[in-house]
Amino acid sequence: MTIKICDVAFEPFSEIQTFQNALALNGKFGATSIFIGTMRDFNDGDDVQAMMLEHYDGMTQKQLTKMVTTTKSKWQILDFLIVHRIGEILPNEPIVLVAVWSAHRNEAFEACRYLMEELKANAPFWKLEKLATNQNRWVSKF
Amino acid sequence: MTIKICDVAFEPFSEIQTFQNALALNGKFGATSIFIGTMRDFNDGDDVQAMMLEHYDGMTQKQLTKMVTTTKSKWQILDFLIVHRIGEILPNEPIVLVAVWSAHRNEAFEACRYLMEELKANAPFWKLEKLATNQNRWVSKF
Amino acid sequence: MITIRYFGSLKETIGRSTETLSISELESLTVLDVWHYVNGDFPLAENILTALNMDYVTRSHVVNDGDEVAFFPPVTGG
Amino acid sequence: MITIRYFGSLKETIGRSTETLSISELESLTVLDVWHYVNGDFPLAENILTALNMDYVTRSHVVNDGDEVAFFPPVTGG
């Protein structure tokens with residue numbers, strides 16, 4: 001089980017491949033469910049040039065670890081990989097990766113979705129958008 | 001939108017990467033949801049050595065295309081990739097890959113799950129397992 | 001002429017994968033009629049699925065000349 | 001001594017990211033009390049979240065010496 005906070009751009013597919021190759025789970029997992037969140041060049045009708053992703057170092061790791069523990073108590077999961085970017089992010093760069101390995105598809109799907117929703121709701125990250133107009137705007141929830 | 005029926009082993013992560021690189025969607029997609037089904041070396045309590053995946057050539061493509069059309073009518077999707085193996089498959093080899101790109105995560109998650117469930121329910125594939133005891137057993141639904 | 005196809009375990013049970021049927025009075029022949037034309041009294045098991053020209057249909061669907069009819073057990077892909 | 005941290009847009013509003021508070025009578029001081037100790041009458045907006053030692057808590061949670069209290073707007077990661 002790995003949780004990575006990453007301050008430079010990452011390649012989600014090589015991250016997953018490398019992680020999976022290192023698992024001693026050949027023949028044991030039947031289902032892998034993956035979500036990747038990627039930075040768009042638009043938001044709320046405005047063009048976005050870049051984004052600064054701030055987080056609460058320490059609390060992020062603590063909250064993500066708690067989410068993983070809860071997820072494991074709800075579904076039979078073989079392994080997890082979570083990667084989240086911080087720092088300056090450009091359009092088309094990945095922001096978040098959640099990957100879940102399990103024997104059966106329902107568990108993989110449910111756990112991946114649950115983790116992403118929990119991460120969106122509780123992991124202490126904040127996005128500051130740099131708009132094409134050069135204004136900065138904090139992303140806010142409604 | 002690509003649907004591939006593949007009679008040799010495929011590498012899911014390089015398939016996705018190659019497909020995504022060719023999309024003219026940089027900065028447009030914010031969410032990618034992926035499911036990979038992989039062959040296990042056990043099923044229903046028995047060790048499995050290999051599997052022969054038979055399909056109804058033509059009907060498979062027709063049904064998968066219909067599923068994709070229905071999915072597009074239900075959610076705002078930017079692109080799809082579906083790859084399914086046929087022929088002899090060994091444990092730890094991928095069987096199926098479904099990947100969905102969209103602007104927002106709910107659409108990506110829902111569409112990917114829906115496509116997988118539809119594929120399991122309606123795509124004309126049949127699995128013949130070769131057990132460790134050298135017996136052949138058709139996988140059956142309950 | 002209509003083409004009849006069998007898949008999965010049913011193909012083994014029947015012992016054939018493809019066959020054709022040429023009959024003069026094809027009118028109002030259903031999928032189930034086609035089954036019995038080529039399989040006699042052998043019962044079409046409850047769980048067997050039926051397709052006409054690669055779309056799922058019920059057993060009472062009418063078959064026309066040139067059609068492809070398929071019989072197969074529940075699918076197990078993915 | 002307790003550590004107080006601000007994040008996101010609140011950090012800009014407050015104009016500080018971290019500060020410490022050393023007081024003698026810490027007993028029964030709540031998260032909300034800590035806010036007003038360092039921010040006076042400035043209101044703690046309804047939507048601001050509060051954490052104690054990196055776990056979410058309510059504003060009425062009691063703070064002890066050595067604790068880290070954090071105030072921040074709704075999170076927007078992922």
# chains A, B, ... in the order shown; residues from 1 in each chain; ligands from 1
>>> interface_residues(of="chain B", to="chain A", cutoff="7 Å", atoms="only C-alpha atoms", output="PDB file with all heavy atoms, in the first residue's frame")
ATOM      1  N   PHE B  13      -1.402  -0.825 -19.866  1.00  0.00           N
ATOM      2  CA  PHE B  13      -0.983   0.553 -19.603  1.00  0.00           C
ATOM      3  C   PHE B  13      -0.357   1.209 -20.824  1.00  0.00           C
ATOM      4  O   PHE B  13      -0.547   2.394 -21.064  1.00  0.00           O
ATOM      5  CB  PHE B  13      -0.082   0.610 -18.364  1.00  0.00           C
ATOM      6  CG  PHE B  13      -0.767  -0.002 -17.173  1.00  0.00           C
ATOM      7  CD1 PHE B  13      -0.258  -1.135 -16.547  1.00  0.00           C
ATOM      8  CD2 PHE B  13      -1.971   0.510 -16.723  1.00  0.00           C
ATOM      9  CE1 PHE B  13      -0.926  -1.723 -15.479  1.00  0.00           C
ATOM     10  CE2 PHE B  13      -2.657  -0.070 -15.655  1.00  0.00           C
ATOM     11  CZ  PHE B  13      -2.128  -1.187 -15.030  1.00  0.00           C
ATOM     12  N   GLN B  17      -1.850   4.480 -22.709  1.00  0.00           N
ATOM     13  CA  GLN B  17      -0.944   5.614 -22.942  1.00  0.00           C
ATOM     14  C   GLN B  17      -0.903   5.987 -24.425  1.00  0.00           C
ATOM     15  O   GLN B  17      -1.019   7.157 -24.784  1.00  0.00           O
ATOM     16  CB  GLN B  17       0.462   5.233 -22.449  1.00  0.00           C
ATOM     17  CG  GLN B  17       1.476   6.350 -22.566  1.00  0.00           C
ATOM     18  CD  GLN B  17       1.312   7.390 -21.471  1.00  0.00           C
ATOM     19  OE1 GLN B  17       1.638   7.143 -20.323  1.00  0.00           O
ATOM     20  NE2 GLN B  17       0.813   8.572 -21.823  1.00  0.00           N
ATOM     21  N   ASN B  26      -5.898  17.301 -25.178  1.00  0.00           N
ATOM     22  CA  ASN B  26      -5.053  17.895 -24.136  1.00  0.00           C
ATOM     23  C   ASN B  26      -5.751  19.063 -23.451  1.00  0.00           C
ATOM     24  O   ASN B  26      -6.199  19.990 -24.107  1.00  0.00           O
ATOM     25  CB  ASN B  26      -3.732  18.392 -24.732  1.00  0.00           C
ATOM     26  CG  ASN B  26      -2.722  17.254 -24.860  1.00  0.00           C
ATOM     27  OD1 ASN B  26      -3.074  16.092 -24.668  1.00  0.00           O
ATOM     28  ND2 ASN B  26      -1.483  17.593 -25.165  1.00  0.00           N
ATOM     29  N   GLY B  27      -5.846  18.980 -22.133  1.00  0.00           N
ATOM     30  CA  GLY B  27      -6.465  20.063 -21.363  1.00  0.00           C
ATOM     31  C   GLY B  27      -7.976  19.975 -21.303  1.00  0.00           C
ATOM     32  O   GLY B  27      -8.609  20.734 -20.585  1.00  0.00           O
ATOM     33  N   LYS B  28      -8.577  19.053 -22.072  1.00  0.00           N
ATOM     34  CA  LYS B  28     -10.041  18.949 -22.125  1.00  0.00           C
ATOM     35  C   LYS B  28     -10.603  17.900 -21.177  1.00  0.00           C
ATOM     36  O   LYS B  28     -11.733  18.028 -20.716  1.00  0.00           O
ATOM     37  CB  LYS B  28     -10.514  18.633 -23.555  1.00  0.00           C
ATOM     38  CG  LYS B  28     -10.078  19.660 -24.590  1.00  0.00           C
ATOM     39  CD  LYS B  28     -10.456  21.078 -24.169  1.00  0.00           C
ATOM     40  CE  LYS B  28      -9.751  22.126 -25.023  1.00  0.00           C
ATOM     41  NZ  LYS B  28      -9.563  23.389 -24.260  1.00  0.00           N
ATOM     42  N   PHE B  29      -9.834  16.845 -20.927  1.00  0.00           N
ATOM     43  CA  PHE B  29     -10.365  15.813 -20.027  1.00  0.00           C
ATOM     44  C   PHE B  29      -9.810  16.014 -18.622  1.00  0.00           C
ATOM     45  O   PHE B  29      -8.646  16.331 -18.429  1.00  0.00           O
ATOM     46  CB  PHE B  29     -10.092  14.397 -20.544  1.00  0.00           C
ATOM     47  CG  PHE B  29      -8.648  13.995 -20.618  1.00  0.00           C
ATOM     48  CD1 PHE B  29      -8.019  13.385 -19.545  1.00  0.00           C
ATOM     49  CD2 PHE B  29      -7.913  14.216 -21.781  1.00  0.00           C
ATOM     50  CE1 PHE B  29      -6.692  13.001 -19.633  1.00  0.00           C
ATOM     51  CE2 PHE B  29      -6.588  13.837 -21.871  1.00  0.00           C
ATOM     52  CZ  PHE B  29      -5.974  13.233 -20.793  1.00  0.00           C
ATOM     53  N   GLY B  30     -10.703  15.861 -17.641  1.00  0.00           N
ATOM     54  CA  GLY B  30     -10.310  16.015 -16.249  1.00  0.00           C
ATOM     55  C   GLY B  30     -10.372  14.687 -15.512  1.00  0.00           C
ATOM     56  O   GLY B  30      -9.902  14.587 -14.383  1.00  0.00           O
ATOM     57  N   ALA B  31     -10.953  13.678 -16.162  1.00  0.00           N
ATOM     58  CA  ALA B  31     -11.199  12.422 -15.463  1.00  0.00           C
ATOM     59  C   ALA B  31     -11.020  11.238 -16.406  1.00  0.00           C
ATOM     60  O   ALA B  31     -11.533  11.242 -17.521  1.00  0.00           O
ATOM     61  CB  ALA B  31     -12.618  12.410 -14.909  1.00  0.00           C
ATOM     62  N   THR B  32     -10.293  10.246 -15.938  1.00  0.00           N
ATOM     63  CA  THR B  32     -10.122   8.990 -16.676  1.00  0.00           C
ATOM     64  C   THR B  32     -10.441   7.854 -15.715  1.00  0.00           C
ATOM     65  O   THR B  32      -9.849   7.784 -14.639  1.00  0.00           O
ATOM     66  CB  THR B  32      -8.671   8.842 -17.188  1.00  0.00           C
ATOM     67  OG1 THR B  32      -8.264  10.060 -17.797  1.00  0.00           O
ATOM     68  CG2 THR B  32      -8.557   7.701 -18.184  1.00  0.00           C
ATOM     69  N   SER B  33     -11.383   7.023 -16.097  1.00  0.00           N
ATOM     70  CA  SER B  33     -11.719   5.879 -15.262  1.00  0.00           C
ATOM     71  C   SER B  33     -11.410   4.616 -16.051  1.00  0.00           C
ATOM     72  O   SER B  33     -11.766   4.503 -17.221  1.00  0.00           O
ATOM     73  CB  SER B  33     -13.202   5.928 -14.880  1.00  0.00           C
ATOM     74  OG  SER B  33     -13.520   4.851 -14.037  1.00  0.00           O
ATOM     75  N   ILE B  34     -10.709   3.713 -15.401  1.00  0.00           N
ATOM     76  CA  ILE B  34     -10.172   2.537 -16.088  1.00  0.00           C
ATOM     77  C   ILE B  34     -10.491   1.290 -15.297  1.00  0.00           C
ATOM     78  O   ILE B  34     -10.371   1.288 -14.067  1.00  0.00           O
ATOM     79  CB  ILE B  34      -8.636   2.669 -16.235  1.00  0.00           C
ATOM     80  CG1 ILE B  34      -8.275   3.909 -17.061  1.00  0.00           C
ATOM     81  CG2 ILE B  34      -8.027   1.402 -16.835  1.00  0.00           C
ATOM     82  CD1 ILE B  34      -6.823   4.330 -16.929  1.00  0.00           C
ATOM     83  N   PHE B  35     -10.888   0.246 -15.999  1.00  0.00           N
ATOM     84  CA  PHE B  35     -11.009  -1.059 -15.365  1.00  0.00           C
ATOM     85  C   PHE B  35     -10.215  -2.066 -16.179  1.00  0.00           C
ATOM     86  O   PHE B  35     -10.287  -2.085 -17.409  1.00  0.00           O
ATOM     87  CB  PHE B  35     -12.469  -1.528 -15.279  1.00  0.00           C
ATOM     88  CG  PHE B  35     -12.582  -2.866 -14.610  1.00  0.00           C
ATOM     89  CD1 PHE B  35     -12.579  -2.964 -13.231  1.00  0.00           C
ATOM     90  CD2 PHE B  35     -12.616  -4.026 -15.365  1.00  0.00           C
ATOM     91  CE1 PHE B  35     -12.635  -4.198 -12.606  1.00  0.00           C
ATOM     92  CE2 PHE B  35     -12.663  -5.266 -14.744  1.00  0.00           C
ATOM     93  CZ  PHE B  35     -12.677  -5.356 -13.362  1.00  0.00           C
ATOM     94  N   ILE B  36      -9.476  -2.908 -15.460  1.00  0.00           N
ATOM     95  CA  ILE B  36      -8.724  -3.992 -16.112  1.00  0.00           C
ATOM     96  C   ILE B  36      -9.097  -5.300 -15.428  1.00  0.00           C
ATOM     97  O   ILE B  36      -9.010  -5.418 -14.206  1.00  0.00           O
ATOM     98  CB  ILE B  36      -7.202  -3.756 -16.011  1.00  0.00           C
ATOM     99  CG1 ILE B  36      -6.828  -2.447 -16.700  1.00  0.00           C
ATOM    100  CG2 ILE B  36      -6.437  -4.932 -16.633  1.00  0.00           C
ATOM    101  CD1 ILE B  36      -5.476  -1.914 -16.303  1.00  0.00           C
ATOM    102  N   GLY B  37      -9.548  -6.246 -16.220  1.00  0.00           N
ATOM    103  CA  GLY B  37      -9.820  -7.589 -15.708  1.00  0.00           C
ATOM    104  C   GLY B  37      -8.644  -8.476 -16.076  1.00  0.00           C
ATOM    105  O   GLY B  37      -8.189  -8.480 -17.219  1.00  0.00           O
ATOM    106  N   THR B  38      -8.128  -9.205 -15.091  1.00  0.00           N
ATOM    107  CA  THR B  38      -6.905  -9.990 -15.284  1.00  0.00           C
ATOM    108  C   THR B  38      -7.200 -11.437 -14.927  1.00  0.00           C
ATOM    109  O   THR B  38      -7.974 -11.712 -14.017  1.00  0.00           O
ATOM    110  CB  THR B  38      -5.794  -9.425 -14.371  1.00  0.00           C
ATOM    111  OG1 THR B  38      -5.606  -8.052 -14.687  1.00  0.00           O
ATOM    112  CG2 THR B  38      -4.478 -10.163 -14.562  1.00  0.00           C
ATOM    113  N   MET B  39      -6.557 -12.352 -15.642  1.00  0.00           N
ATOM    114  CA  MET B  39      -6.811 -13.756 -15.342  1.00  0.00           C
ATOM    115  C   MET B  39      -6.174 -14.172 -14.024  1.00  0.00           C
ATOM    116  O   MET B  39      -4.982 -13.952 -13.816  1.00  0.00           O
ATOM    117  CB  MET B  39      -6.307 -14.658 -16.476  1.00  0.00           C
ATOM    118  CG  MET B  39      -6.850 -16.070 -16.284  1.00  0.00           C
ATOM    119  SD  MET B  39      -6.186 -17.272 -17.424  1.00  0.00           S
ATOM    120  CE  MET B  39      -6.319 -18.744 -16.385  1.00  0.00           C
ATOM    121  N   ARG B  40      -6.971 -14.793 -13.176  1.00  0.00           N
ATOM    122  CA  ARG B  40      -6.459 -15.330 -11.917  1.00  0.00           C
ATOM    123  C   ARG B  40      -6.036 -16.787 -12.104  1.00  0.00           C
ATOM    124  O   ARG B  40      -6.405 -17.427 -13.089  1.00  0.00           O
ATOM    125  CB  ARG B  40      -7.558 -15.257 -10.841  1.00  0.00           C
ATOM    126  CG  ARG B  40      -7.806 -13.834 -10.353  1.00  0.00           C
ATOM    127  CD  ARG B  40      -9.014 -13.782  -9.442  1.00  0.00           C
ATOM    128  NE  ARG B  40     -10.209 -14.066 -10.205  1.00  0.00           N
ATOM    129  CZ  ARG B  40     -11.256 -14.753  -9.757  1.00  0.00           C
ATOM    130  NH1 ARG B  40     -11.260 -15.247  -8.545  1.00  0.00           N
ATOM    131  NH2 ARG B  40     -12.300 -14.964 -10.528  1.00  0.00           N
ATOM    132  N   ASP B  41      -5.247 -17.284 -11.172  1.00  0.00           N
ATOM    133  CA  ASP B  41      -4.836 -18.691 -11.259  1.00  0.00           C
ATOM    134  C   ASP B  41      -5.733 -19.576 -10.393  1.00  0.00           C
ATOM    135  O   ASP B  41      -5.407 -20.729 -10.115  1.00  0.00           O
ATOM    136  CB  ASP B  41      -3.353 -18.862 -10.907  1.00  0.00           C
ATOM    137  CG  ASP B  41      -3.016 -18.369  -9.501  1.00  0.00           C
ATOM    138  OD1 ASP B  41      -3.957 -18.129  -8.702  1.00  0.00           O
ATOM    139  OD2 ASP B  41      -1.814 -18.219  -9.216  1.00  0.00           O
ATOM    140  N   PRO B  91      -2.608 -17.247 -16.640  1.00  0.00           N
ATOM    141  CA  PRO B  91      -2.784 -16.454 -15.427  1.00  0.00           C
ATOM    142  C   PRO B  91      -1.897 -15.206 -15.446  1.00  0.00           C
ATOM    143  O   PRO B  91      -0.773 -15.243 -15.951  1.00  0.00           O
ATOM    144  CB  PRO B  91      -2.347 -17.412 -14.311  1.00  0.00           C
ATOM    145  CG  PRO B  91      -2.698 -18.759 -14.840  1.00  0.00           C
ATOM    146  CD  PRO B  91      -2.386 -18.673 -16.327  1.00  0.00           C
ATOM    147  N   ASN B  92      -2.438 -14.139 -14.902  1.00  0.00           N
ATOM    148  CA  ASN B  92      -1.800 -12.823 -14.825  1.00  0.00           C
ATOM    149  C   ASN B  92      -1.854 -12.039 -16.139  1.00  0.00           C
ATOM    150  O   ASN B  92      -1.405 -10.902 -16.184  1.00  0.00           O
ATOM    151  CB  ASN B  92      -0.351 -12.934 -14.337  1.00  0.00           C
ATOM    152  CG  ASN B  92       0.058 -11.712 -13.545  1.00  0.00           C
ATOM    153  OD1 ASN B  92      -0.711 -11.234 -12.717  1.00  0.00           O
ATOM    154  ND2 ASN B  92       1.220 -11.188 -13.828  1.00  0.00           N
TER     155      ASN B  92
END
>>> select_by_dssp(residues="chain D", states="strand (DSSP E or B)", output="JSON, numbers by chain")
{"D": [2, 3, 4, 5, 6, 18, 19, 20, 21, 30, 49, 50, 51, 52, 55, 56, 62, 68, 69, 70, 71, 72]}
>>> residues_around(residues="C:Ser9", least_positions_apart="2", cutoff="8 Å", atoms="only C-alpha atoms", output="number ranges by chain")
B: 138; C: 7, 11-13, 72-73
>>> write_last_selection(atoms="N, CA, C and O atoms", output="PDB file, in the first residue's frame")
ATOM      1  N   TRP B 138     -16.175 -25.325 -18.503  1.00  0.00           N
ATOM      2  CA  TRP B 138     -16.770 -24.071 -18.955  1.00  0.00           C
ATOM      3  C   TRP B 138     -17.163 -23.243 -17.736  1.00  0.00           C
ATOM      4  O   TRP B 138     -17.808 -23.754 -16.817  1.00  0.00           O
TER       5      TRP B 138
ATOM      6  N   PHE C   7     -22.405 -21.821 -29.794  1.00  0.00           N
ATOM      7  CA  PHE C   7     -21.184 -21.380 -29.103  1.00  0.00           C
ATOM      8  C   PHE C   7     -21.078 -21.988 -27.712  1.00  0.00           C
ATOM      9  O   PHE C   7     -22.070 -22.462 -27.149  1.00  0.00           O
ATOM     10  N   LYS C  11     -22.109 -25.743 -28.105  1.00  0.00           N
ATOM     11  CA  LYS C  11     -21.439 -26.238 -29.310  1.00  0.00           C
ATOM     12  C   LYS C  11     -20.943 -27.666 -29.075  1.00  0.00           C
ATOM     13  O   LYS C  11     -21.066 -28.538 -29.948  1.00  0.00           O
ATOM     14  N   GLU C  12     -20.402 -27.916 -27.869  1.00  0.00           N
ATOM     15  CA  GLU C  12     -19.934 -29.271 -27.524  1.00  0.00           C
ATOM     16  C   GLU C  12     -21.110 -30.229 -27.353  1.00  0.00           C
ATOM     17  O   GLU C  12     -21.041 -31.382 -27.777  1.00  0.00           O
ATOM     18  N   THR C  13     -22.163 -29.750 -26.720  1.00  0.00           N
ATOM     19  CA  THR C  13     -23.344 -30.596 -26.507  1.00  0.00           C
ATOM     20  C   THR C  13     -23.941 -31.018 -27.848  1.00  0.00           C
ATOM     21  O   THR C  13     -24.258 -32.196 -28.067  1.00  0.00           O
ATOM     22  N   PHE C  72     -26.652 -19.981 -27.704  1.00  0.00           N
ATOM     23  CA  PHE C  72     -25.469 -20.100 -26.823  1.00  0.00           C
ATOM     24  C   PHE C  72     -25.851 -19.950 -25.357  1.00  0.00           C
ATOM     25  O   PHE C  72     -26.859 -19.338 -25.022  1.00  0.00           O
ATOM     26  N   PRO C  73     -24.994 -20.495 -24.486  1.00  0.00           N
ATOM     27  CA  PRO C  73     -25.240 -20.381 -23.036  1.00  0.00           C
ATOM     28  C   PRO C  73     -24.945 -18.947 -22.566  1.00  0.00           C
ATOM     29  O   PRO C  73     -24.352 -18.165 -23.316  1.00  0.00           O
TER      30      PRO C  73
END
>>> residues_around(residues="C:Gly66", least_positions_apart="6", cutoff="8 Å", atoms="only C-alpha atoms", output="list in words")
Met1, Ile2 and Thr3 of chain C
>>> residues_around(residues="B:Tyr114", least_positions_apart="4", cutoff="10 Å", atoms="only C-alpha atoms", output="PyMOL selection string")
chain B and resi 67-68+70-71+74+108-110+118-120
>>> write_last_selection(atoms="all heavy atoms", output="PDB file, in the first residue's frame")
ATOM      1  N   MET B  67     -23.360  -0.902 -26.889  1.00  0.00           N
ATOM      2  CA  MET B  67     -23.152  -0.504 -25.486  1.00  0.00           C
ATOM      3  C   MET B  67     -22.512   0.875 -25.399  1.00  0.00           C
ATOM      4  O   MET B  67     -22.873   1.686 -24.549  1.00  0.00           O
ATOM      5  CB  MET B  67     -22.216  -1.512 -24.791  1.00  0.00           C
ATOM      6  CG  MET B  67     -22.860  -2.852 -24.531  1.00  0.00           C
ATOM      7  SD  MET B  67     -21.599  -4.067 -24.027  1.00  0.00           S
ATOM      8  CE  MET B  67     -22.423  -5.573 -24.582  1.00  0.00           C
ATOM      9  N   VAL B  68     -21.559   1.100 -26.270  1.00  0.00           N
ATOM     10  CA  VAL B  68     -20.880   2.404 -26.283  1.00  0.00           C
ATOM     11  C   VAL B  68     -21.872   3.507 -26.669  1.00  0.00           C
ATOM     12  O   VAL B  68     -21.893   4.584 -26.050  1.00  0.00           O
ATOM     13  CB  VAL B  68     -19.663   2.372 -27.234  1.00  0.00           C
ATOM     14  CG1 VAL B  68     -19.175   3.771 -27.557  1.00  0.00           C
ATOM     15  CG2 VAL B  68     -18.543   1.538 -26.625  1.00  0.00           C
ATOM     16  N   THR B  70     -25.117   3.526 -26.220  1.00  0.00           N
ATOM     17  CA  THR B  70     -26.006   3.761 -25.079  1.00  0.00           C
ATOM     18  C   THR B  70     -25.284   4.569 -23.996  1.00  0.00           C
ATOM     19  O   THR B  70     -25.846   5.515 -23.427  1.00  0.00           O
ATOM     20  CB  THR B  70     -26.458   2.411 -24.474  1.00  0.00           C
ATOM     21  OG1 THR B  70     -26.965   1.599 -25.526  1.00  0.00           O
ATOM     22  CG2 THR B  70     -27.525   2.619 -23.421  1.00  0.00           C
ATOM     23  N   THR B  71     -24.042   4.206 -23.723  1.00  0.00           N
ATOM     24  CA  THR B  71     -23.265   4.911 -22.696  1.00  0.00           C
ATOM     25  C   THR B  71     -23.132   6.386 -23.051  1.00  0.00           C
ATOM     26  O   THR B  71     -23.299   7.265 -22.193  1.00  0.00           O
ATOM     27  CB  THR B  71     -21.872   4.258 -22.558  1.00  0.00           C
ATOM     28  OG1 THR B  71     -22.047   2.866 -22.322  1.00  0.00           O
ATOM     29  CG2 THR B  71     -21.092   4.864 -21.404  1.00  0.00           C
ATOM     30  N   LYS B  74     -26.091   8.403 -22.242  1.00  0.00           N
ATOM     31  CA  LYS B  74     -26.379   8.583 -20.818  1.00  0.00           C
ATOM     32  C   LYS B  74     -25.439   9.576 -20.131  1.00  0.00           C
ATOM     33  O   LYS B  74     -25.819  10.227 -19.169  1.00  0.00           O
ATOM     34  CB  LYS B  74     -26.289   7.230 -20.087  1.00  0.00           C
ATOM     35  CG  LYS B  74     -27.397   6.249 -20.469  1.00  0.00           C
ATOM     36  CD  LYS B  74     -27.071   4.828 -20.010  1.00  0.00           C
ATOM     37  CE  LYS B  74     -27.572   4.521 -18.631  1.00  0.00           C
ATOM     38  NZ  LYS B  74     -28.951   4.035 -18.557  1.00  0.00           N
ATOM     39  N   ALA B 108     -17.099   9.777 -15.782  1.00  0.00           N
ATOM     40  CA  ALA B 108     -16.083   8.766 -16.091  1.00  0.00           C
ATOM     41  C   ALA B 108     -16.325   7.496 -15.273  1.00  0.00           C
ATOM     42  O   ALA B 108     -16.330   6.385 -15.810  1.00  0.00           O
ATOM     43  CB  ALA B 108     -14.686   9.319 -15.821  1.00  0.00           C
ATOM     44  N   PHE B 109     -16.529   7.660 -13.966  1.00  0.00           N
ATOM     45  CA  PHE B 109     -16.789   6.508 -13.096  1.00  0.00           C
ATOM     46  C   PHE B 109     -18.036   5.745 -13.542  1.00  0.00           C
ATOM     47  O   PHE B 109     -18.015   4.523 -13.694  1.00  0.00           O
ATOM     48  CB  PHE B 109     -17.009   6.971 -11.649  1.00  0.00           C
ATOM     49  CG  PHE B 109     -15.763   7.020 -10.804  1.00  0.00           C
ATOM     50  CD1 PHE B 109     -15.380   8.201 -10.180  1.00  0.00           C
ATOM     51  CD2 PHE B 109     -14.997   5.885 -10.604  1.00  0.00           C
ATOM     52  CE1 PHE B 109     -14.249   8.252  -9.375  1.00  0.00           C
ATOM     53  CE2 PHE B 109     -13.868   5.923  -9.797  1.00  0.00           C
ATOM     54  CZ  PHE B 109     -13.492   7.112  -9.177  1.00  0.00           C
ATOM     55  N   GLU B 110     -19.128   6.468 -13.719  1.00  0.00           N
ATOM     56  CA  GLU B 110     -20.398   5.823 -14.036  1.00  0.00           C
ATOM     57  C   GLU B 110     -20.335   5.099 -15.377  1.00  0.00           C
ATOM     58  O   GLU B 110     -20.801   3.964 -15.508  1.00  0.00           O
ATOM     59  CB  GLU B 110     -21.538   6.854 -14.071  1.00  0.00           C
ATOM     60  CG  GLU B 110     -21.824   7.513 -12.727  1.00  0.00           C
ATOM     61  CD  GLU B 110     -22.451   6.567 -11.719  1.00  0.00           C
ATOM     62  OE1 GLU B 110     -23.226   5.705 -12.139  1.00  0.00           O
ATOM     63  OE2 GLU B 110     -22.151   6.702 -10.513  1.00  0.00           O
ATOM     64  N   GLU B 118     -22.365  -4.053 -18.589  1.00  0.00           N
ATOM     65  CA  GLU B 118     -23.030  -4.421 -19.848  1.00  0.00           C
ATOM     66  C   GLU B 118     -22.218  -5.468 -20.606  1.00  0.00           C
ATOM     67  O   GLU B 118     -22.760  -6.417 -21.165  1.00  0.00           O
ATOM     68  CB  GLU B 118     -23.211  -3.174 -20.724  1.00  0.00           C
ATOM     69  CG  GLU B 118     -24.275  -2.232 -20.232  1.00  0.00           C
ATOM     70  CD  GLU B 118     -25.677  -2.834 -20.358  1.00  0.00           C
ATOM     71  OE1 GLU B 118     -26.077  -3.191 -21.476  1.00  0.00           O
ATOM     72  OE2 GLU B 118     -26.354  -2.954 -19.317  1.00  0.00           O
ATOM     73  N   LEU B 119     -20.902  -5.254 -20.622  1.00  0.00           N
ATOM     74  CA  LEU B 119     -20.024  -6.210 -21.304  1.00  0.00           C
ATOM     75  C   LEU B 119     -20.138  -7.595 -20.672  1.00  0.00           C
ATOM     76  O   LEU B 119     -20.294  -8.604 -21.375  1.00  0.00           O
ATOM     77  CB  LEU B 119     -18.594  -5.674 -21.244  1.00  0.00           C
ATOM     78  CG  LEU B 119     -17.501  -6.427 -21.991  1.00  0.00           C
ATOM     79  CD1 LEU B 119     -16.374  -5.456 -22.382  1.00  0.00           C
ATOM     80  CD2 LEU B 119     -16.926  -7.585 -21.206  1.00  0.00           C
ATOM     81  N   LYS B 120     -20.086  -7.642 -19.331  1.00  0.00           N
ATOM     82  CA  LYS B 120     -20.217  -8.935 -18.639  1.00  0.00           C
ATOM     83  C   LYS B 120     -21.570  -9.588 -18.937  1.00  0.00           C
ATOM     84  O   LYS B 120     -21.666 -10.803 -19.025  1.00  0.00           O
ATOM     85  CB  LYS B 120     -20.112  -8.741 -17.114  1.00  0.00           C
ATOM     86  CG  LYS B 120     -18.784  -8.258 -16.586  1.00  0.00           C
ATOM     87  CD  LYS B 120     -17.686  -9.276 -16.563  1.00  0.00           C
ATOM     88  CE  LYS B 120     -17.792 -10.350 -15.522  1.00  0.00           C
ATOM     89  NZ  LYS B 120     -16.531 -11.169 -15.458  1.00  0.00           N
TER      90      LYS B 120
END
>>> residues_around(residues="C:Asn47", least_positions_apart="2", cutoff="8 Å", atoms="only C-alpha atoms", output="list in words")
Ala45, Leu49, Pro73 and Pro74 of chain C
>>> residues_around(residues="C:Phe71", least_positions_apart="2", cutoff="12 Å", atoms="only C-alpha atoms", output="JSON, numbers by chain")
{"B": [56, 124], "C": [3, 4, 5, 6, 7, 8, 9, 10, 11, 13, 14, 16, 17, 18, 19, 31, 32, 34, 35, 39, 44, 45, 46, 47, 48, 49, 50, 51, 52, 53, 54, 55, 56, 57, 58, 59, 68, 69, 73, 74, 75]}
